[in-house]
2 protein chains.
Amino acid sequence: MQAFLASHPLVLLCVQAVLVIATSRLLGVVLRRLGQPLVIAEVLAGIALGPSLLGLISPDLLATFFPASSLGTLGVVSQLGLVFFMFLIGLELEPALLRGLGKSALAISNTSIALPFILGAGVAVWLAPTLSTPAVPLASFVLFLGVAMSITAFPVLARILSERGLIHTPIGALAVTCAAIDDVTAWCLLAFISAVVKSTGLAGAGLTAVLSGLYCGAMWFVARPLLARLVRERTDRRGISQRMVAFTVVLLLLSSLATEVIGIHALFGAFFFGVIVPREGGLAHGLRERLEDFVVVLLLPLFFAYSGIRTQIGLLDSPVAWAICGLLTLLAVVGKFGGATVAARLTGQSWRDSMSVGVLMNTRGLMELVVLNIGLDLGVISPTVFTMMVLMALVTTVMTSPLVAWLQRREGEELRAQAAAARAP
Amino acid sequence: MQAFLASHPLVLLCVQAVLVIATSRLLGVVLRRLGQPLVIAEVLAGIALGPSLLGLISPDLLATFFPASSLGTLGVVSQLGLVFFMFLIGLELEPALLRGLGKSALAISNTSIALPFILGAGVAVWLAPTLSTPAVPLASFVLFLGVAMSITAFPVLARILSERGLIHTPIGALAVTCAAIDDVTAWCLLAFISAVVKSTGLAGAGLTAVLSGLYCGAMWFVARPLLARLVRERTDRRGISQRMVAFTVVLLLLSSLATEVIGIHALFGAFFFGVIVPREGGLAHGLRERLEDFVVVLLLPLFFAYSGIRTQIGLLDSPVAWAICGLLTLLAVVGKFGGATVAARLTGQSWRDSMSVGVLMNTRGLMELVVLNIGLDLGVISPTVFTMMVLMALVTTVMTSPLVAWLQRREGEELRAQAAAARAP
């Protein structure tokens, strides 16, 4: 079978897709009962199909289903999926959210980025001799670990909130707004780091900065109004035409290509293009409806598989490695949860609401995996650090749902107690 | 740039996608004015971006945008697109059409397959010494060319009919029904030929036949009722869930894998699974809506590019080659148009209606390209024969729209003349 699959790349890709989709959906049914979002099942399925579980059980099976020769295609297809996924994430951002944000949201999101960034960067300086190689400039490693610590998974957070019916409560709206700002900020930081890592010297960095500015300006002040005008003229009640979808897909790919060529990442271009697509006229809604399922159902699972292949828990082969992994997770939680909670409290929220926001902001989800894969591709982090950070992302995402449920239950109990107290004179 | 693109497979794939989508859509705007369907523009764009035009203008540009190292990924991605496309084609088939078909439809479609098949197979026997190599068994070459001549592009035909408002006329319904039967028959024939080509000896062929029978039986008598039951229980007015889409995608991939492993082609499994998806309960409609755009807008163009790369018009470098190409085209038209027209006339249609049916059935469209690529992959036909047949497909598809328009105009003129005659006593 191994030889048959290796010589039939399409068959192999289909087998890989079936394996990862089926595993993650089945696991998802179990985890759903435990109140966990699907993304946990997807990450776990990816890890299970990689060297960490399948490879432990049978290296032969791993070599059959995920031979090294297939990783090139798997990588390209899953990255193509990510381009579209990041575009959809950009589409989901309501610019109105960002425009109408209060001081509270700005303070919380800034703190919830700054604190984990500082903690991550600090520990990176300390750990660099152990975890990094001299080939990687210290600044790159430190900056990257800082950003990687400060990610919030905007989509996972939004899904948890809507599953629990919290999305339209004041605290839900605050958390979503903060996450949206975090998302934009983190992606800008990541674009900056990509530029630093890739650019050669000060002149290169300066050129990238100038070109990035030009790109963002052109997208915001030229492409956005043009698109808005086009939408006003071209769409009607019956929805958008396939030609319009084709046109948007070409623009999306061009925007990705532009950012990749500039030296900030292709995914940033996809995300930013999603942000500037006009929300009026049904274009954003139509694009989401028509592209989402193929991307989320088929292509994203391939990314989880690809990411799982690269996660080698076996690399954490000493108590020290596990201790570092635990430390990174702790600092990530302290930075993100602590930062967001304290900032929310300082801007006048109750302790309970502040903690809810903190818990929610601590979700790393899929975004973290995307960022980590970029770091691994850039060569900034080693497979060992990659694996540690994947575990950190898993733990912080797993924490979120039960903690939110617990805080909600506590709130319910207190409300009931207050009501009872009010009834009993 | 060449080195940059070669070392960035995702960027290269995006560039290829942008090139082929943009070229085909721009060309499509021009060709639309000439009354041609989009598929013509897509085929032409694919050919233009291959060695036949881009390679002639600048071999360097061709090597930059479509280096040999990228063709593996391009092939896998475009074939994945085809799997979904064939599934969508299967979904579009209304089983009610096939059930309620009259003698007329059956006679026309049988003739319109048999005649081009016989002509194709006959000319193949004659041309085999020139066009085929001794390495290819004569039977494979002859059977394949027979099938390749008898393809009708069901989706292109349906689109032309609906663009011209003919889809609900008796003649439109007849043509669509015939094309649907043709499609099913041609794919069964192709599955048979794949089995013949791949199987080793009589035992292998027998095994494939038995397994194919089991597969079809299991799909029709087990999977179809189970799916129908599931749909009745699980879907509601709000449409289908993403979980349902994921479940269907897994089944689709499994069906494709099953047919590929059996030895009939993966695309047959995708097509057949589309046929058995229940039409009630909104599942078929929902799947079409959620998967179509990504497939048609992004993945199919990649297939056109892939197919265009393999079309080397330069291989037709002698008057003899062009003569053979012309002969093949002529026989394809005589067989398909002639067969369908005569059969329609014999079953009692007027000459004009019979010719309309004949013209419509003569559309080869994208289906022909799919079949030809399978033949090239199987090694049954050479790149030269591939190129000749691609040109045949192009010519027969280009012919359709103008001829239908001309027949319609003639009919309109006669109706007006009759009306004028009736008014003037």
# chains A, B, ... in the order shown; residues from 1 in each chain; ligands from 1

$ interface_residues --of "chain A" --to "chain B" --cutoff "10 Å" --atoms "only C-alpha atoms" --output "MDAnalysis selection string"
chainID A and resid 4 8:15 17:22 25 70 72:80 83 241:247 249:254 256:258 260:261 266 287:298

$ closest_residue --among "B:Leu391, B:Leu211, B:Leu91, B:Gly314" --to "Gly282 (chain B)" --atoms "only C-alpha atoms"
B:Leu91

$ residues_around --residues "Thr363 (chain A)" --least-positions-apart "4" --cutoff "12 Å" --atoms "only C-alpha atoms" --output "PDB file with C-alpha atoms, in the first residue's frame"
ATOM      1  CA  GLN A  36     -14.899  22.035  24.219  1.00  0.00           C
ATOM      2  CA  PRO A  37     -14.961  23.764  20.825  1.00  0.00           C
ATOM      3  CA  VAL A  39     -10.820  23.435  17.206  1.00  0.00           C
ATOM      4  CA  ILE A  40      -9.454  21.430  20.161  1.00  0.00           C
ATOM      5  CA  SER A 112      -3.253  42.022  27.005  1.00  0.00           C
ATOM      6  CA  MET A 149       2.728  34.622  23.461  1.00  0.00           C
ATOM      7  CA  SER A 150       0.321  37.473  22.821  1.00  0.00           C
ATOM      8  CA  ILE A 151      -2.001  35.871  20.270  1.00  0.00           C
ATOM      9  CA  THR A 152      -5.750  35.716  20.881  1.00  0.00           C
ATOM     10  CA  ALA A 153      -7.863  33.475  18.678  1.00  0.00           C
ATOM     11  CA  PHE A 154     -10.528  35.903  17.595  1.00  0.00           C
ATOM     12  CA  PRO A 155     -12.618  33.250  15.739  1.00  0.00           C
ATOM     13  CA  VAL A 156     -12.513  30.664  18.542  1.00  0.00           C
ATOM     14  CA  LEU A 157     -13.430  33.323  21.071  1.00  0.00           C
ATOM     15  CA  ALA A 158     -16.322  34.515  18.914  1.00  0.00           C
ATOM     16  CA  ARG A 159     -17.549  30.935  18.507  1.00  0.00           C
ATOM     17  CA  ILE A 160     -17.380  30.193  22.241  1.00  0.00           C
ATOM     18  CA  LEU A 161     -19.280  33.380  22.988  1.00  0.00           C
ATOM     19  CA  ALA A 175     -14.244  40.641  24.715  1.00  0.00           C
ATOM     20  CA  VAL A 176     -14.891  40.379  20.967  1.00  0.00           C
ATOM     21  CA  ALA A 179      -9.872  40.223  20.538  1.00  0.00           C
ATOM     22  CA  ASP A 182      -5.498  42.035  19.440  1.00  0.00           C
ATOM     23  CA  ASP A 183      -5.814  40.195  16.160  1.00  0.00           C
ATOM     24  CA  THR A 329       2.309  28.066  29.374  1.00  0.00           C
ATOM     25  CA  ALA A 332       1.285  32.930  28.574  1.00  0.00           C
ATOM     26  CA  VAL A 333      -1.644  32.607  30.964  1.00  0.00           C
ATOM     27  CA  LYS A 336      -2.776  37.291  28.772  1.00  0.00           C
ATOM     28  CA  PHE A 337      -5.322  36.420  31.444  1.00  0.00           C
ATOM     29  CA  ALA A 340      -6.598  41.549  30.421  1.00  0.00           C
ATOM     30  CA  SER A 356     -14.434  36.654  32.162  1.00  0.00           C
ATOM     31  CA  VAL A 357     -12.713  38.958  29.709  1.00  0.00           C
ATOM     32  CA  GLY A 358      -9.322  37.671  30.872  1.00  0.00           C
ATOM     33  CA  VAL A 359     -10.335  34.041  30.435  1.00  0.00           C
ATOM     34  CA  MET A 367      -4.339  31.527  15.314  1.00  0.00           C
ATOM     35  CA  GLU A 368      -1.446  30.435  17.479  1.00  0.00           C
ATOM     36  CA  LEU A 369      -0.837  27.420  15.236  1.00  0.00           C
ATOM     37  CA  MET A 392       0.772  25.926  25.320  1.00  0.00           C
ATOM     38  CA  ALA A 393      -1.849  26.861  22.718  1.00  0.00           C
ATOM     39  CA  LEU A 394      -3.722  23.643  23.374  1.00  0.00           C
ATOM     40  CA  VAL A 395      -3.753  24.102  27.136  1.00  0.00           C
ATOM     41  CA  THR A 396      -4.799  27.753  27.071  1.00  0.00           C
ATOM     42  CA  THR A 397      -7.589  26.998  24.580  1.00  0.00           C
ATOM     43  CA  VAL A 398      -8.826  23.990  26.548  1.00  0.00           C
ATOM     44  CA  MET A 399      -8.995  26.138  29.704  1.00  0.00           C
ATOM     45  CA  THR A 400     -11.327  28.703  28.235  1.00  0.00           C
ATOM     46  CA  SER A 401     -14.675  26.932  27.921  1.00  0.00           C
ATOM     47  CA  PRO A 402     -14.810  25.348  31.401  1.00  0.00           C
ATOM     48  CA  LEU A 403     -13.672  28.587  33.051  1.00  0.00           C
ATOM     49  CA  VAL A 404     -16.268  30.637  31.191  1.00  0.00           C
TER      50      VAL A 404
END

$ atom_distance --atom1 "CA of Gln16 (chain A)" --atom2 "CA of Ile57 (chain A)"
17.5 Å

$ select_by_dssp --residues "region 206-271 of chain A" --states "helix (DSSP H, G or I)" --output "JSON, numbers by chain"
{"A": [206, 207, 208, 209, 210, 211, 212, 213, 214, 215, 216, 217, 218, 219, 220, 221, 222, 223, 224, 225, 226, 227, 228, 229, 230, 231, 232, 233, 234, 242, 243, 244, 245, 246, 247, 248, 249, 250, 251, 252, 253, 254, 255, 256, 257, 258, 259, 260, 261, 262, 266, 267, 268, 269, 270, 271]}

$ write_last_selection --atoms "C-alpha atoms" --output "compact mmCIF listing (two decimals), in the first residue's frame"
# COMPACT_ATOMS: atom_id res chain seq x y z
CA GLY A 206 13.58 50.43 5.57
CA LEU A 207 12.42 49.41 2.09
CA THR A 208 10.02 46.84 3.55
CA ALA A 209 8.63 49.45 5.93
CA VAL A 210 8.08 51.95 3.12
CA LEU A 211 6.50 49.34 0.85
CA SER A 212 4.28 48.09 3.67
CA GLY A 213 3.09 51.62 4.27
CA LEU A 214 2.38 52.07 0.58
CA TYR A 215 0.56 48.73 0.45
CA CYS A 216 -1.66 49.52 3.44
CA GLY A 217 -2.35 53.03 2.15
CA ALA A 218 -3.23 51.76 -1.32
CA MET A 219 -5.53 49.09 0.09
CA TRP A 220 -7.30 51.42 2.49
CA PHE A 221 -7.54 54.61 0.46
CA VAL A 222 -7.74 53.22 -3.09
CA ALA A 223 -8.90 49.60 -3.15
CA ARG A 224 -11.51 49.95 -0.38
CA PRO A 225 -13.47 52.87 -1.87
CA LEU A 226 -13.22 51.35 -5.37
CA LEU A 227 -14.59 48.06 -4.11
CA ALA A 228 -17.35 49.83 -2.23
CA ARG A 229 -18.35 51.68 -5.39
CA LEU A 230 -18.26 48.49 -7.42
CA VAL A 231 -20.45 46.74 -4.89
CA ARG A 232 -22.98 49.56 -4.94
CA GLU A 233 -23.17 49.38 -8.71
CA ARG A 234 -22.97 45.66 -9.30
CA GLN A 242 -19.89 34.14 -9.71
CA ARG A 243 -17.99 36.69 -11.74
CA MET A 244 -17.88 38.92 -8.69
CA VAL A 245 -16.54 36.02 -6.63
CA ALA A 246 -13.87 35.37 -9.25
CA PHE A 247 -12.92 39.04 -9.27
CA THR A 248 -12.61 39.09 -5.49
CA VAL A 249 -10.57 35.89 -5.44
CA VAL A 250 -8.10 37.39 -7.91
CA LEU A 251 -7.80 40.53 -5.77
CA LEU A 252 -7.37 38.40 -2.66
CA LEU A 253 -4.56 36.42 -4.26
CA LEU A 254 -2.93 39.62 -5.53
CA SER A 255 -3.08 41.17 -2.07
CA SER A 256 -1.48 38.02 -0.59
CA LEU A 257 1.20 38.04 -3.24
CA ALA A 258 1.90 41.72 -2.65
CA THR A 259 2.51 41.26 1.07
CA GLU A 260 4.60 38.14 0.49
CA VAL A 261 6.80 39.92 -2.06
CA ILE A 262 7.14 42.95 0.20
CA ALA A 266 1.10 36.32 2.49
CA LEU A 267 -1.43 35.64 5.23
CA PHE A 268 -1.31 39.28 6.30
CA GLY A 269 -2.36 40.35 2.80
CA ALA A 270 -5.24 37.88 2.86
CA PHE A 271 -6.37 39.08 6.27

$ atom_distance --atom1 "CA of Leu38 (chain B)" --atom2 "CA of Leu316 (chain B)"
26.1 Å

$ closest_residue --among "A:Leu190, A:Ile264, A:Ala148, A:Arg352" --to "Gly412 (chain A)" --atoms "only C-alpha atoms"
A:Arg352

$ residues_around --residues "Ser307 (chain B)" --least-positions-apart "6" --cutoff "9 Å" --atoms "only C-alpha atoms" --output "PDB file with N, CA and C atoms, in the first residue's frame"
ATOM      1  N   VAL B  43     -10.659  27.267 -21.606  1.00  0.00           N
ATOM      2  CA  VAL B  43      -9.796  26.336 -22.343  1.00  0.00           C
ATOM      3  C   VAL B  43      -8.723  27.114 -23.098  1.00  0.00           C
ATOM      4  N   GLY B  46      -6.063  28.463 -20.803  1.00  0.00           N
ATOM      5  CA  GLY B  46      -5.157  27.389 -20.416  1.00  0.00           C
ATOM      6  C   GLY B  46      -4.138  27.106 -21.506  1.00  0.00           C
ATOM      7  N   ILE B  47      -4.627  27.005 -22.743  1.00  0.00           N
ATOM      8  CA  ILE B  47      -3.719  26.723 -23.865  1.00  0.00           C
ATOM      9  C   ILE B  47      -2.734  27.884 -24.054  1.00  0.00           C
ATOM     10  N   GLY B  50       0.212  27.895 -21.842  1.00  0.00           N
ATOM     11  CA  GLY B  50       1.071  26.728 -21.955  1.00  0.00           C
ATOM     12  C   GLY B  50       2.132  26.904 -23.030  1.00  0.00           C
ATOM     13  N   GLY B  75      -0.995  19.612 -10.552  1.00  0.00           N
ATOM     14  CA  GLY B  75      -1.796  18.456 -10.954  1.00  0.00           C
ATOM     15  C   GLY B  75      -2.675  17.956  -9.819  1.00  0.00           C
ATOM     16  N   LEU B 369     -12.024  17.441 -21.914  1.00  0.00           N
ATOM     17  CA  LEU B 369     -10.693  17.690 -21.356  1.00  0.00           C
ATOM     18  C   LEU B 369     -10.410  16.766 -20.178  1.00  0.00           C
ATOM     19  N   VAL B 370     -11.432  16.560 -19.354  1.00  0.00           N
ATOM     20  CA  VAL B 370     -11.261  15.674 -18.208  1.00  0.00           C
ATOM     21  C   VAL B 370     -10.897  14.273 -18.694  1.00  0.00           C
ATOM     22  N   ASN B 373      -7.375  14.081 -20.254  1.00  0.00           N
ATOM     23  CA  ASN B 373      -6.317  14.074 -19.245  1.00  0.00           C
ATOM     24  C   ASN B 373      -6.174  12.707 -18.593  1.00  0.00           C
TER      25      ASN B 373
END

$ atom_distance --atom1 "CA of Thr177 (chain B)" --atom2 "CA of Gln349 (chain B)"
15.1 Å

$ closest_residue --among "A:Val371, A:Ile89, A:Ala205, A:Leu31" --to "Val147 (chain A)" --atoms "only C-alpha atoms"
A:Val371

$ residues_around --residues "Ser132 (chain B)" --least-positions-apart "4" --cutoff "9 Å" --atoms "only C-alpha atoms" --output "PyMOL selection string"
chain B and resi 124+127-128+136+138+141+380-382+385

$ write_last_selection --atoms "N, CA and C atoms" --output "mmCIF file, in the first residue's frame"
data_model
loop_
_atom_site.group_PDB
_atom_site.id
_atom_site.type_symbol
_atom_site.label_atom_id
_atom_site.label_comp_id
_atom_site.auth_asym_id
_atom_site.auth_seq_id
_atom_site.Cartn_x
_atom_site.Cartn_y
_atom_site.Cartn_z
ATOM 1 N N ALA B 124 -9.334 4.897 -35.093
ATOM 2 C CA ALA B 124 -8.223 4.579 -34.191
ATOM 3 C C ALA B 124 -7.466 3.345 -34.687
ATOM 4 N N LEU B 127 -5.437 4.563 -37.499
ATOM 5 C CA LEU B 127 -4.374 5.518 -37.181
ATOM 6 C C LEU B 127 -3.363 4.987 -36.170
ATOM 7 N N ALA B 128 -3.685 3.877 -35.537
ATOM 8 C CA ALA B 128 -2.821 3.380 -34.459
ATOM 9 C C ALA B 128 -1.344 3.286 -34.859
ATOM 10 N N VAL B 136 1.506 0.599 -26.140
ATOM 11 C CA VAL B 136 0.104 0.694 -25.742
ATOM 12 C C VAL B 136 -0.687 -0.400 -26.449
ATOM 13 N N LEU B 138 -3.362 -2.217 -28.505
ATOM 14 C CA LEU B 138 -4.254 -1.645 -29.512
ATOM 15 C C LEU B 138 -5.668 -1.481 -28.957
ATOM 16 N N PHE B 141 -6.077 1.688 -26.872
ATOM 17 C CA PHE B 141 -6.068 2.901 -27.700
ATOM 18 C C PHE B 141 -7.394 3.056 -28.440
ATOM 19 N N VAL B 380 -2.466 6.044 -22.383
ATOM 20 C CA VAL B 380 -3.135 5.429 -23.535
ATOM 21 C C VAL B 380 -2.963 6.277 -24.781
ATOM 22 N N ILE B 381 -2.970 7.589 -24.604
ATOM 23 C CA ILE B 381 -2.757 8.454 -25.766
ATOM 24 C C ILE B 381 -1.485 9.267 -25.560
ATOM 25 N N SER B 382 -0.902 9.674 -26.678
ATOM 26 C CA SER B 382 0.328 10.455 -26.643
ATOM 27 C C SER B 382 -0.020 11.933 -26.519
ATOM 28 N N VAL B 385 -1.783 13.106 -29.729
ATOM 29 C CA VAL B 385 -3.205 12.793 -29.846
ATOM 30 C C VAL B 385 -4.000 13.644 -28.852
#

$ closest_residue --among "A:Trp322, A:Trp406, A:Phe304, A:Phe386" --to "Ser24 (chain A)" --atoms "only C-alpha atoms"
A:Phe304

$ residues_around --residues "Leu88 (chain A)" --least-positions-apart "4" --cutoff "7 Å" --atoms "only C-alpha atoms" --output "number ranges by chain"
A: 84, 92, 274, 288
